[in-house]
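Trainee: Handing you this structure, nothing more for now.
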Amino acid sequence: MVDDLQRAGSGQLDPTSLLPPAEPVHLLDPDGTLHEDPDHPVGLDDAALLELHRTMIITRRVDREAINLQRQGQLGVYASCLGQEAAQVASAWALQDEDWIFPSYRELGAAIVRDVDPADLLHLFRGTWLSDHDPYEHRFALLSIPIGTQALHATGFAMGARFDDNPIVTVVYFGDGGTSEGDPHEAMTFAGVMRAPVVFFVQNNQYAISVPLAKQTAAPTLAHKAIGYGLPGYRCDGNDPLATYAVTRRAVERARAGHGPALIEALTYRMEAHTTSDDPSRYRSDEELEAAALTDPIVRLRNHLRNRDLLDDATERRFEEEAAERAQAVRDAIYDAPHGDPLELFDHVYVAPRADLAAQRDELRAELARREDDDGGAA
Amino acid sequence: MVDDLQRAGSGQLDPTSLLPPAEPVHLLDPDGTLHEDPDHPVGLDDAALLELHRTMIITRRVDREAINLQRQGQLGVYASCLGQEAAQVASAWALQDEDWIFPSYRELGAAIVRDVDPADLLHLFRGTWLSDHDPYEHRFALLSIPIGTQALHATGFAMGARFDDNPIVTVVYFGDGGTSEGDPHEAMTFAGVMRAPVVFFVQNNQYAISVPLAKQTAAPTLAHKAIGYGLPGYRCDGNDPLATYAVTRRAVERARAGHGPALIEALTYRMEAHTTSDDPSRYRSDEELEAAALTDPIVRLRNHLRNRDLLDDATERRFEEEAAERAQAVRDAIYDAPHGDPLELFDHVYVAPRADLAAQRDELRAELARREDDDGGAA
Amino acid sequence: MTVTLAQAINRALTDAMAEDDRVLVFGEDVGRLGGVFRVTDGLQSRFGEQRCFDTPLAESGIIGTAIGLAIYGYRPVAEMQFDGFTYPAFEQLVSHLAKLRNRSRGTLTLPVTVRIPYGGGIGAGEHHSESPESYWVHTAGLTVVSPGTPDDGYAMVREAIASDDPVIVMEPKRRYWMKADIELPVTAPPAHEALVRREGTDVTIVCYGPMVRTALDAAEAAEEEGWSLEVLDLRSLSPMDTEAIVASVQRTGRAIVVHEAGRSLGLGAEVAARVQEAAFYHLEAPVLRATGFDTPYPPAKLEGYWLPDVDRILDLVERSLAY
Amino acid sequence: MTVTLAQAINRALTDAMAEDDRVLVFGEDVGRLGGVFRVTDGLQSRFGEQRCFDTPLAESGIIGTAIGLAIYGYRPVAEMQFDGFTYPAFEQLVSHLAKLRNRSRGTLTLPVTVRIPYGGGIGAGEHHSESPESYWVHTAGLTVVSPGTPDDGYAMVREAIASDDPVIVMEPKRRYWMKADIELPVTAPPAHEALVRREGTDVTIVCYGPMVRTALDAAEAAEEEGWSLEVLDLRSLSPMDTEAIVASVQRTGRAIVVHEAGRSLGLGAEVAARVQEAAFYHLEAPVLRATGFDTPYPPAKLEGYWLPDVDRILDLVERSLAY
Ligand SMILES: Cc1ncc(C[n+]2csc(CCOP(=O)(O)OP(=O)(O)O)c2C)c(N)n1
Ligand SMILES: Cc1ncc(C[n+]2csc(CCOP(=O)(O)OP(=O)(O)O)c2C)c(N)n1
Ligand SMILES: [Mg+2]
Ligand SMILES: [Mg+2]
């Protein structure tokens with residue numbers, strides 16, 4: 001099947017094989033019932049399923065902590081991933097360790113899979129510094145604010161891997177709104193032509209801030225965009241961790257095998273406000289929110305694990321405790337974290353030292369000295 | 001059928017109806033044999049067919065004149081439409097007079113349909129001025145050099161028409177290369193959502209300067225891009241004037257009827273160099289060119305008219321003579337045309353007068369006066 | 001009546017839309033949500049979805065369709081959500097919005113208003129705090145204005161919408177909540193006239209947008225030191241009221257330009273170049289610049305060190321007076 | 001050996017690719033065709049399609065993938081086909097290429113070279129003759145250089161590719177066919193050092209890129225009038241060698257900046273601002289600017305009136321000396 005999809009772009013096969021199936025891939029019902037699908041084998045053992053659950057629980061807990069921190073004035077703003085834990089955690093889970101992730105600003109779940117310290121990400125939202133983790137250590141690029149722009153970075157990186165015969169894959173996350181920008185379009189164009197091993201993972205959480213999907217595009221589905229670049233378009237229930245995992249794994253391994261890029265649309269829902277600055281009551285109803293809550297990804301996997309007796313009360317408590325500890329660690333790292341050295345603002349702009357910047361740095365140093373004097377004098 | 005296509009975007013119908021048919025619409029064989037197709041009625045009477053032929057002949061002759069003028073140093077550069085006469089003339093023919101055309105830089109044929117004086121267009125290539133026709137008089141926007149950017153102007157204009165309940169349609173021309181830029185992507189996104197009456201007409205002439213289609217995109221066809229915006233994607237043999245006319249007419253009338261935008265891919269071939277500055281021998285073979293010549297759009301319609309005894313030698317001679325006269329008129333208007341008043345450079349930048357520009361205008365006026373003095377002194 | 005800058009602009013949009021149904025307001029989240037700063041609040045419910053609408057998330061698309069709408073005959077008012085998100089629209093702004101009229105030899109008229117909330121001071125960091133005005137001012141064909149007070153917010157937006165030229169309105173977002181006691185509608189001198197906001201005799205402080213308030217505060221503080229600062233609010237950045245600047249500098253003999261944008265080729269460079277040319281013999285000190293640094297916009301917690309403030313201005317006043 | 005600027009740059013690319021297989025060259029038509037100016041001629045046939053390749057027609061795509069390739073570990077050399085076609089890539093250039101290193105706190109290094117043929121004088125009109133350097137110079141995080149001679153063409157492109165910072169190389173396309181008698185490879189002082197191309201005592205002419213030749217011609221012509229002009233080639237526009245400019249102005253007491261870009265916030269504004277600040281007491285006349293006008297680039301037949309030339313420079317020399 002992988003080879004079929006590959007050949008479609010070159011006109012050797014019916015191109016409609018690039019279209020998404022009529023229904024998104026869905027394996028796990030809200031009550032936890034699993035529908036196996038031979039085209040989308042999950043292949044996760046029981047221990048892995050528990051790990052997935054654990055990671056989603058941690059994600060949700062840390063996410064809530066971030067919201068709390070913002071409410072307490074510790075963060076300037078925060079973009080929650082509540083409700084999108086499966087879309088993020090299960091997709092990131094489908095990667096090999098050497099594969100790279102290019103996130104937008106909402107991918108706390110993917111970051112936790114990659115062992116990025118959430119506090120390091122939150123420093124951006126606190127305004128301590130613009131980023132604070134090593135992308136190479138975690139194969140997790142910087143959070144990216146300008147919508148869709150990172151799709152090109154992921155594509156270029158994947159081109160590099162291909163040129164270098166390095167069997168790694170990149171996954172780039174962006175939103176339903178992001179599909180309208182020019183950059184993801186150009187990225188998919190380049191990826192298709194260059195057969196770059198990149199997976200475009202669209203979390204369709206139904207909104208771009210206040211703008212619902214119907215005002216974003218008239219496309220039948222976002223996965224229908226893929227064929228326009230010679231990419232297969234996949235769709236999955238993004239609140240179904242197993243479907244998300246299976247579909248992502250398929251796309252990632254296909255890319256790794258040299259069969260080129262793919263686009264995945266994961267259907268999910270943004271349960272929180274766009275960011276802590278947003279007021280969603282202006283544009284969506286309580287009923288809509290309540291309906292969406294019924295599709296909760298964590299409840300779903302929990303039900304499954306419970307049905308299969310893989311999860312007992314003690315384990316669950318352990319997960320919750322661990323999540324609380326992680327949240328506390330984040331809180332400890334963020335709360336009243338002092339700002340950095342303002343002189344560092346001049347340190348990373350260029351590799352090569354520049355006289356003009358050195359002079360401006362001296363100006364600021366002098367200002368700081370004067371401020372200290374003034375404060376000293378006032379005291 | 002029109003309504004079917006419209007409903008596809010809203011999920012009421014199988015979205016695959018937005019996909020192009022397996023084969024491009026083709027009605028006229030190179031030997032002039034017509035294959036009628038009930039889905040694509042032509043509906044042009046004999047007089048109209050002759051007019052179409054006449055316009056293509058004029059286009060080709062004026063195009064050649066422009067190349068000659070460039071060779072003689074009268075134009076700085078020129079982008080020929082040789083081989084694309086049917087794609088341009090027959091598509092523009094499908095419009096109502098009030099409809100607007102947004103061209104790229106290669107649409108001499110469409111301009112001639114709109115009675116734009118070719119010399120006015122050539123002033124851009126000569127460098128007399130950046131444009132020299134009234135877009136409102138001809139419903140023909142300015143030639144647009146930055147690739148694909150005009151697609152947004154056509155879309156905005158069409159949105160305006162829709163808001164204003166004005167039953168007009170816009171058609172925007174761009175090339176195969178243009179489909180890679182972000183702007184046409186954003187234009188189709190807006191058009192789909194806003195149901196703007198705009199037809200995106202892609203002349204796939206196989207090359208973007210030296211870059212062949214296969215390096216431009218991995219899409220099965222360019223028309224497969226349409227579904228990603230909820231637009232129907234049509235394809236036609238762009239060297240077949242009747243197929244081009246029928247397909248364009250269908251898309252245009254569908255848009256006029258309120259059923260939204262469409263994308264047309266017209267398959268054609270750029271018989272000349274990209275521009276007179278280009279050297280295509282560096283990237284394509286004589287054999288390829290010879291094969292393409294066999295699909296000549298003018299020969300094709302001529303054969304058809306001859307087969308049907310609609311075209312006799314005398315008429316043909318008359319067309320050729322008229323074309324020669326038109327070419328001569330262009331030559332007369334261009335040859336050694338003096339440059340304009342350099343002070344005019346300051347006249348159209350703003351509507352409101354600006355003191356800073358007036359001062360710079362005075363500087364130039366003074367420079368001109370000094371130059372005259374110097375020349376006078378030297379003489 | 002107490003009116004904030006955001007309210008004044010909202011009222012300007014409302015009045016313009018009420019008076020002329022060719023005025024359309026659109027952008028990301030400007031409809032139902034009323035814009036992330038609520039500047040377009042109530043417009044959609046009052047004028048309908050066709051007059052005030054949300055666009056897909058694509059800035060080039062917003063400016064490019066605004067151009068098409070203008071060619072059709074509308075008077076579009078496009079919002080860019082933040083300063084740092086204007087860059088994807090750069091091609092449409094710089095190659096088309098700015099130049100189509102000239103390219104058409106005056107046949108095409110583009111009465112487009114582009115509203116850009118800009119500048120820092122709200123604790124928001126990169127992309128949300130930038131001052132890209134130099135890019136527009138260097139671009140022939142654009143008119144660029146920046147209100148520093150609520151009344152100018154009202155008047156300039158009205159003037160921009162009424163103008164047949166494309167106008168970029170740089171709205172100082174940190175001043176959206178700044179209040180004034182005014183009755184709307186207000187009138188004001190045309191934007192291309194700079195205004196002396198406070199008279200003074202020692203040094204001219206040239207400022208605009210968010211820095212008008214800061215400059216006035218500096219003038220206040222300077223009084224304690226015995227320095228008399230004249231505060232000149234440029235209001236329009238392109239065209240720039242060189243005459244007013246020169247007239248003031250001829251009186252004071254000294255000038256300091258204040259802006260948040262980075263120093264190199266920030267507006268201060270142009271002011272300095274013009275002043276030294278037009279008032280060469282009047283200058284008793286070089287024109288100095290109190291600006292952001294030539295580094296990317298800093299993280300929120302450090303913006304206070306980066307942005308020009310009263311202290312930075314007064315340091316330069318002292319330096320200027322020492323010449 | 002007689003070498004044109006285009007050939008020198010071609011040789012620089014060849015040598016850099018031969019020395020380091022992480023160097024990749026790509027852009028529109030740079031492969032088979034060898035670029036519309038043939039600057040990349042022969043690279044694809046020598047180094048293969050993976051080292052030198054044509055991209056789809058999308059400038060944001062070119063710069064954005066260059067960034068990704070650089071993060072991976074390559075040293076991309078991206079060509080923008082013409083000055084006026086850099087604008088669709090503005091977001092990637094200004095928000096990412098320029099700032100990712102800073103954003104990453106120094107973790108990400110982006111050794112990307114962006115080559116831009118720029119400027120007028122070749123009879124090509126809008127989009128093909130523009131001088132957008134101010135946009136880059138105002139953008140923190142970019143290094144911007146412009147060679148005015150074939151040897152600098154070679155040396156600066158080598159230096160740009162060797163640099164771990166992103167470097168924009170503004171290539172004066174009207175000088176691509178300018179010849180020099182040199183043996184390649186040549187070495188040259190680092191680009192951030194301005195060079196006195198001709199010594200003089202009366203007025204300093206500050207120039208770069210395409211205007212170096214023009215300034216030298218003006219100096220030649222000035223001799224007949226008895227004026228001695230010093231020609232200072234900036235070479236690097238960001239950083240700018242302020243010290244060298246100031247040192248020269250301290251000798252001559254007068255300066256004129258020459259560039260094709262429009263005057264307002266053209267590089268001349270920054271030069272003037274710095275000179276009047278750093279050499280206030282040495283200036284005997286204001287810094288003057290011989291530049292393009294603040295209008296869109298003119299049609300080809302009128303570019304001769306628009307572009308600064310020897311006459312425009314000499315007029316200003318006269319004005320400067322009259323102070
Ligand atoms: C280029 C750009 N334009 C505008 C914005 C402002 N903005 C931030 S998030 C957002 C909506 C994004 O929606 P979507 O892509 O669906 O992602 P989501 O927030 O739902 O995860 C907008 C418009 C931005 N960050 N970048
Ligand atoms: C934004 C932009 N980038 C680059 C160019 C330079 N350029 C001019 S024509 C061309 C190729 C266009 O190919 P296509 O869209 O297929 O149209 P065609 O010339 O074949 O009609 C290129 C790259 C341009 N005009 N605009
Ligand atoms: Mg979303
Ligand atoms: Mg083409």
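Residue numbers start at 1 in each chain; chains themselves are named A, B, ... in the order of the structure tokens; ligands are numbered from 1 in the order shown.
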Excluding Ala366 (chain A) and residues on its chain fewer than 4 positions from it, collect all residues at most 12 Å away from it, counting only C-alpha atoms, and give them as a list in words.
Mentor: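 Surrounding residues, per the criterion: Leu343, Ala359, Gln360, Arg361, Asp362, Arg370, Arg371, Glu372 and Asp373 of chain A; Tyr305, Asp311, Arg312 and Asp315 of chain C.
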Trainee: Taking only C-alpha atoms into account, report as a list in words which residues of chain B lie within 6 Å of chain D.
Mentor: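 Close enough to count are Gly127, Thr128, Trp129, Leu130, Gly177, Ser180, Glu181, Ser210, Gln216, Arg282 and His339 of chain B.
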Trainee: How would you write, as a ChimeraX atom specification, the set of residues in region 116-270 of chain C that DSSP gives as strand (DSSP E or B)?
Mentor: /C:116-118,143-145,167-172,179-181,195-198,203-207,229-233,236-238,255-262
Trainee: Could you dump the residues just selected with C-alpha atoms as a JSON list (two decimals), in the first residue's frame?
Mentor:
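result.json, written as the output of this step:
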[["chain", "number", "residue", "atom", "x", "y", "z"],
["C", 116, "ILE", "CA", -1.50, 47.79, 12.65],
["C", 117, "PRO", "CA", -1.40, 47.60, 16.46],
["C", 118, "TYR", "CA", 2.31, 48.00, 17.12],
["C", 143, "THR", "CA", 1.34, 57.13, 3.80],
["C", 144, "VAL", "CA", 2.18, 56.19, 7.39],
["C", 145, "VAL", "CA", 0.62, 57.78, 10.44],
["C", 167, "VAL", "CA", -2.63, 54.70, 4.56],
["C", 168, "ILE", "CA", -0.93, 52.59, 7.20],
["C", 169, "VAL", "CA", -2.18, 53.49, 10.65],
["C", 170, "MET", "CA", 0.35, 52.40, 13.25],
["C", 171, "GLU", "CA", -1.69, 52.12, 16.44],
["C", 172, "PRO", "CA", 0.39, 52.18, 19.63],
["C", 179, "LYS", "CA", -7.83, 57.94, 28.35],
["C", 180, "ALA", "CA", -8.80, 61.41, 27.27],
["C", 181, "ASP", "CA", -11.72, 63.59, 28.17],
["C", 195, "LEU", "CA", 2.09, 69.24, 16.56],
["C", 196, "VAL", "CA", 4.00, 70.79, 19.39],
["C", 197, "ARG", "CA", 2.52, 68.98, 22.38],
["C", 198, "ARG", "CA", 4.49, 71.00, 24.86],
["C", 203, "VAL", "CA", 15.89, 70.68, 23.43],
["C", 204, "THR", "CA", 13.33, 69.45, 20.91],
["C", 205, "ILE", "CA", 12.06, 65.93, 21.54],
["C", 206, "VAL", "CA", 10.78, 64.46, 18.29],
["C", 207, "CYS", "CA", 8.40, 61.56, 18.90],
["C", 229, "LEU", "CA", 11.94, 70.37, 26.57],
["C", 230, "GLU", "CA", 9.78, 70.97, 23.54],
["C", 231, "VAL", "CA", 7.78, 67.88, 22.60],
["C", 232, "LEU", "CA", 7.00, 67.59, 18.92],
["C", 233, "ASP", "CA", 4.56, 64.84, 17.95],
["C", 236, "SER", "CA", 2.59, 61.40, 10.26],
["C", 237, "LEU", "CA", 5.79, 59.47, 9.61],
["C", 238, "SER", "CA", 5.43, 59.59, 5.86],
["C", 255, "ALA", "CA", 17.01, 67.60, 19.03],
["C", 256, "ILE", "CA", 16.49, 64.11, 20.31],
["C", 257, "VAL", "CA", 14.39, 61.59, 18.43],
["C", 258, "VAL", "CA", 12.57, 58.92, 20.38],
["C", 259, "HIS", "CA", 11.21, 55.67, 19.03],
["C", 260, "GLU", "CA", 10.89, 52.05, 20.05],
["C", 261, "ALA", "CA", 12.18, 50.65, 16.77],
["C", 262, "GLY", "CA", 15.83, 49.65, 16.59]]
Trainee: Which parts of region 69-257 of chain D does DSSP call alpha helix (DSSP H) when run on the backbone here, written out as number ranges by chain?
Mentor: D: 69-72, 90-91, 100-103, 133-137, 150-162, 211-225, 242-252
Trainee: Counting only C-alpha atoms, which residues of chain D come no farther than 7 Å from chain C, as a ChimeraX atom specification?
Mentor: /D:87-88,90-91,99,135,138,140-141,264-266,269-270,272-273,276-277,280,286-287,294-296
Trainee: For C-alpha atoms, I'd like the residues from the last selection saved as a PDB file, in the first residue's frame.
Mentor:
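Listing of result_11.pdb after writing:
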ATOM      1  CA  TYR D  87       9.480  40.442  -0.717  1.00  0.00           C
ATOM      2  CA  PRO D  88       7.458  37.209  -0.644  1.00  0.00           C
ATOM      3  CA  PHE D  90      10.218  38.766   3.911  1.00  0.00           C
ATOM      4  CA  GLU D  91       8.682  36.885   6.818  1.00  0.00           C
ATOM      5  CA  LYS D  99      16.213  36.033  14.599  1.00  0.00           C
ATOM      6  CA  TYR D 135      14.915  46.606   4.808  1.00  0.00           C
ATOM      7  CA  HIS D 138      17.151  47.824   9.704  1.00  0.00           C
ATOM      8  CA  ALA D 140      18.614  43.045  13.641  1.00  0.00           C
ATOM      9  CA  GLY D 141      20.285  39.709  13.076  1.00  0.00           C
ATOM     10  CA  SER D 264      14.059  58.498   2.916  1.00  0.00           C
ATOM     11  CA  LEU D 265      15.541  55.896   5.234  1.00  0.00           C
ATOM     12  CA  GLY D 266      17.975  54.880   2.574  1.00  0.00           C
ATOM     13  CA  ALA D 269      20.089  58.535   6.495  1.00  0.00           C
ATOM     14  CA  GLU D 270      21.979  56.250   8.844  1.00  0.00           C
ATOM     15  CA  ALA D 272      24.313  61.057   8.070  1.00  0.00           C
ATOM     16  CA  ALA D 273      22.928  60.360  11.534  1.00  0.00           C
ATOM     17  CA  GLN D 276      26.829  64.189  12.594  1.00  0.00           C
ATOM     18  CA  GLU D 277      26.847  62.429  15.926  1.00  0.00           C
ATOM     19  CA  PHE D 280      29.898  66.971  14.905  1.00  0.00           C
ATOM     20  CA  PRO D 286      25.866  68.820   6.351  1.00  0.00           C
ATOM     21  CA  VAL D 287      26.110  65.276   5.076  1.00  0.00           C
ATOM     22  CA  ASP D 294      11.207  58.624  -3.042  1.00  0.00           C
ATOM     23  CA  THR D 295       9.144  57.222  -5.878  1.00  0.00           C
ATOM     24  CA  PRO D 296       8.775  53.674  -7.180  1.00  0.00           C
TER      25      PRO D 296
END
Trainee: Could you please extract the residues within 7 Å of ligand 4, counting only C-alpha atoms and all ligand atoms, and hand them back as a count of residues only?
Mentor: 10
Trainee: Just want the 9 Å neighbourhood of region 284-292 of chain B, counted on only C-alpha atoms, with same-chain residues fewer than 3 positions away dropped. Output as a PyMOL selection string.
Mentor: chain B and resi 83+210+268-271+280-281+295-296
Trainee: My list of candidates is A:His224, A:Arg114, A:Arg254, A:Arg60. Which is closest to chain B when distances are computed with only C-alpha atoms?
Mentor: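 So, comparing all the options, the nearest one is A:His224.
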Trainee: Sorted by chain and rising residue number, list the residues of chain A at most 10 Å from chain B (counting only C-alpha atoms), each with its closest atom pair and distance in Å to one decimal, as a Markdown table.
Mentor:
| residue | atom | partner | partner_atom | distance |
| --- | --- | --- | --- | --- |
| A:Ala8 | CA | B:Pro220 | CA | 7.2 |
| A:Gly9 | CA | B:Pro220 | CA | 5.1 |
| A:Ser10 | CA | B:Pro220 | CA | 6.7 |
| A:Gly11 | CA | B:Pro220 | CA | 6.0 |
| A:Gln12 | CA | B:Pro220 | CA | 9.5 |
| A:Leu13 | CA | B:Pro220 | CA | 9.5 |
| A:Asp14 | CA | B:Ala22 | CA | 8.9 |
| A:Pro15 | CA | B:Pro220 | CA | 6.2 |
| A:Thr16 | CA | B:Thr16 | CA | 8.2 |
| A:Leu18 | CA | B:Pro220 | CA | 9.5 |
| A:Leu19 | CA | B:Thr16 | CA | 8.7 |
| A:Ala22 | CA | B:Asp14 | CA | 9.0 |
| A:Thr179 | CA | B:Thr189 | CA | 9.2 |
| A:Ser180 | CA | B:Glu186 | CA | 6.2 |
| A:Glu181 | CA | B:Glu186 | CA | 6.6 |
| A:Gly182 | CA | B:Gly182 | CA | 3.9 |
| A:Asp183 | CA | B:Gly182 | CA | 6.6 |
| A:Pro184 | CA | B:Gly182 | CA | 8.6 |
| A:His185 | CA | B:Gly182 | CA | 6.4 |
| A:Glu186 | CA | B:Ser180 | CA | 6.2 |
| A:Ala187 | CA | B:Ser180 | CA | 9.5 |
| A:Met188 | CA | B:Thr217 | CA | 9.2 |
| A:Thr189 | CA | B:Thr217 | CA | 5.8 |
| A:Phe190 | CA | B:Thr217 | CA | 7.5 |
| A:Ala191 | CA | B:Ala218 | CA | 8.8 |
| A:Gly192 | CA | B:Ala218 | CA | 5.2 |
| A:Val193 | CA | B:Ala218 | CA | 5.2 |
| A:Met194 | CA | B:Lys215 | CA | 8.2 |
| A:Arg195 | CA | B:Ala218 | CA | 8.8 |
| A:Leu213 | CA | B:Val193 | CA | 9.9 |
| A:Ala214 | CA | B:Val193 | CA | 7.4 |
| A:Lys215 | CA | B:Val193 | CA | 5.9 |
| A:Gln216 | CA | B:Val193 | CA | 6.7 |
| A:Thr217 | CA | B:Val193 | CA | 5.4 |
| A:Ala218 | CA | B:Gly230 | CA | 4.7 |
| A:Ala219 | CA | B:Gly230 | CA | 3.9 |
| A:Pro220 | CA | B:Gly9 | CA | 5.3 |
| A:Thr221 | CA | B:Gly228 | CA | 7.7 |
| A:Leu222 | CA | B:Gly228 | CA | 7.1 |
| A:Ala223 | CA | B:Gly228 | CA | 7.9 |
| A:His224 | CA | B:Gly228 | CA | 5.1 |
| A:Lys225 | CA | B:Gly228 | CA | 3.9 |
| A:Ala226 | CA | B:Gly228 | CA | 7.4 |
| A:Ile227 | CA | B:Ala219 | CA | 6.2 |
| A:Gly228 | CA | B:Lys225 | CA | 3.9 |
| A:Tyr229 | CA | B:Ala219 | CA | 4.4 |
| A:Gly230 | CA | B:Ala219 | CA | 3.9 |
| A:Leu231 | CA | B:Ala219 | CA | 7.6 |
Trainee: Considering only C-alpha atoms, return as an mmCIF file with all heavy atoms, in the first residue's frame whatever protein or nucleic-acid residues lie within 7 Å of Arg139 (chain A), sequence-local ones (same chain, fewer than 2 positions apart) excluded.
Mentor:
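around.cif, freshly written:
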data_model
loop_
_atom_site.group_PDB
_atom_site.id
_atom_site.type_symbol
_atom_site.label_atom_id
_atom_site.label_comp_id
_atom_site.auth_asym_id
_atom_site.auth_seq_id
_atom_site.Cartn_x
_atom_site.Cartn_y
_atom_site.Cartn_z
ATOM 1 N N GLU A 98 15.294 9.672 17.091
ATOM 2 C CA GLU A 98 16.148 10.560 16.309
ATOM 3 C C GLU A 98 15.324 11.490 15.420
ATOM 4 O O GLU A 98 15.866 12.416 14.811
ATOM 5 C CB GLU A 98 17.108 9.764 15.417
ATOM 6 C CG GLU A 98 18.028 8.817 16.178
ATOM 7 C CD GLU A 98 17.275 7.609 16.741
ATOM 8 O OE1 GLU A 98 16.272 7.182 16.113
ATOM 9 O OE2 GLU A 98 17.654 7.134 17.827
ATOM 10 N N ASP A 99 14.054 11.198 15.281
ATOM 11 C CA ASP A 99 13.204 12.045 14.435
ATOM 12 C C ASP A 99 13.018 13.411 15.078
ATOM 13 O O ASP A 99 13.063 13.551 16.304
ATOM 14 C CB ASP A 99 11.836 11.379 14.236
ATOM 15 C CG ASP A 99 11.951 10.051 13.485
ATOM 16 O OD1 ASP A 99 12.947 9.856 12.755
ATOM 17 O OD2 ASP A 99 11.045 9.213 13.636
ATOM 18 N N TRP A 100 12.801 14.407 14.246
ATOM 19 C CA TRP A 100 12.658 15.779 14.761
ATOM 20 C C TRP A 100 11.213 16.242 14.763
ATOM 21 O O TRP A 100 10.455 15.967 13.833
ATOM 22 C CB TRP A 100 13.486 16.751 13.923
ATOM 23 C CG TRP A 100 14.881 16.930 14.455
ATOM 24 C CD1 TRP A 100 15.846 15.970 14.516
ATOM 25 C CD2 TRP A 100 15.446 18.139 14.985
ATOM 26 N NE1 TRP A 100 16.995 16.511 15.050
ATOM 27 C CE2 TRP A 100 16.776 17.829 15.344
ATOM 28 C CE3 TRP A 100 14.962 19.428 15.187
ATOM 29 C CZ2 TRP A 100 17.639 18.785 15.892
ATOM 30 C CZ3 TRP A 100 15.812 20.380 15.730
ATOM 31 C CH2 TRP A 100 17.142 20.056 16.085
ATOM 32 N N ILE A 101 10.895 17.006 15.781
ATOM 33 C CA ILE A 101 9.563 17.605 15.895
ATOM 34 C C ILE A 101 9.693 19.121 15.729
ATOM 35 O O ILE A 101 10.547 19.754 16.357
ATOM 36 C CB ILE A 101 8.944 17.276 17.270
ATOM 37 C CG1 ILE A 101 8.570 15.786 17.309
ATOM 38 C CG2 ILE A 101 7.738 18.167 17.559
ATOM 39 C CD1 ILE A 101 8.063 15.316 18.657
ATOM 40 N N PRO A 135 17.389 22.464 21.225
ATOM 41 C CA PRO A 135 16.658 21.695 20.217
ATOM 42 C C PRO A 135 17.379 20.414 19.807
ATOM 43 O O PRO A 135 16.728 19.401 19.524
ATOM 44 C CB PRO A 135 16.566 22.657 19.028
ATOM 45 C CG PRO A 135 16.825 24.012 19.575
ATOM 46 C CD PRO A 135 17.666 23.837 20.796
ATOM 47 N N TYR A 136 18.700 20.453 19.775
ATOM 48 C CA TYR A 136 19.432 19.269 19.339
ATOM 49 C C TYR A 136 19.359 18.146 20.363
ATOM 50 O O TYR A 136 19.273 16.971 20.018
ATOM 51 C CB TYR A 136 20.895 19.618 19.037
ATOM 52 C CG TYR A 136 21.014 20.487 17.800
ATOM 53 C CD1 TYR A 136 21.148 21.863 17.911
ATOM 54 C CD2 TYR A 136 20.941 19.922 16.528
ATOM 55 C CE1 TYR A 136 21.228 22.668 16.782
ATOM 56 C CE2 TYR A 136 21.017 20.721 15.392
ATOM 57 C CZ TYR A 136 21.166 22.091 15.520
ATOM 58 O OH TYR A 136 21.236 22.867 14.394
ATOM 59 N N GLU A 137 19.360 18.537 21.638
ATOM 60 C CA GLU A 137 19.302 17.512 22.674
ATOM 61 C C GLU A 137 17.980 16.753 22.608
ATOM 62 O O GLU A 137 17.936 15.547 22.797
ATOM 63 C CB GLU A 137 19.454 18.191 24.042
ATOM 64 C CG GLU A 137 19.548 17.196 25.179
ATOM 65 C CD GLU A 137 19.520 17.897 26.539
ATOM 66 O OE1 GLU A 137 19.910 19.089 26.617
ATOM 67 O OE2 GLU A 137 19.075 17.257 27.509
ATOM 68 N N ALA A 141 12.309 21.332 17.954
ATOM 69 C CA ALA A 141 12.647 22.698 17.557
ATOM 70 C C ALA A 141 11.976 23.707 18.483
ATOM 71 O O ALA A 141 11.174 23.341 19.345
ATOM 72 C CB ALA A 141 12.234 22.935 16.102
#
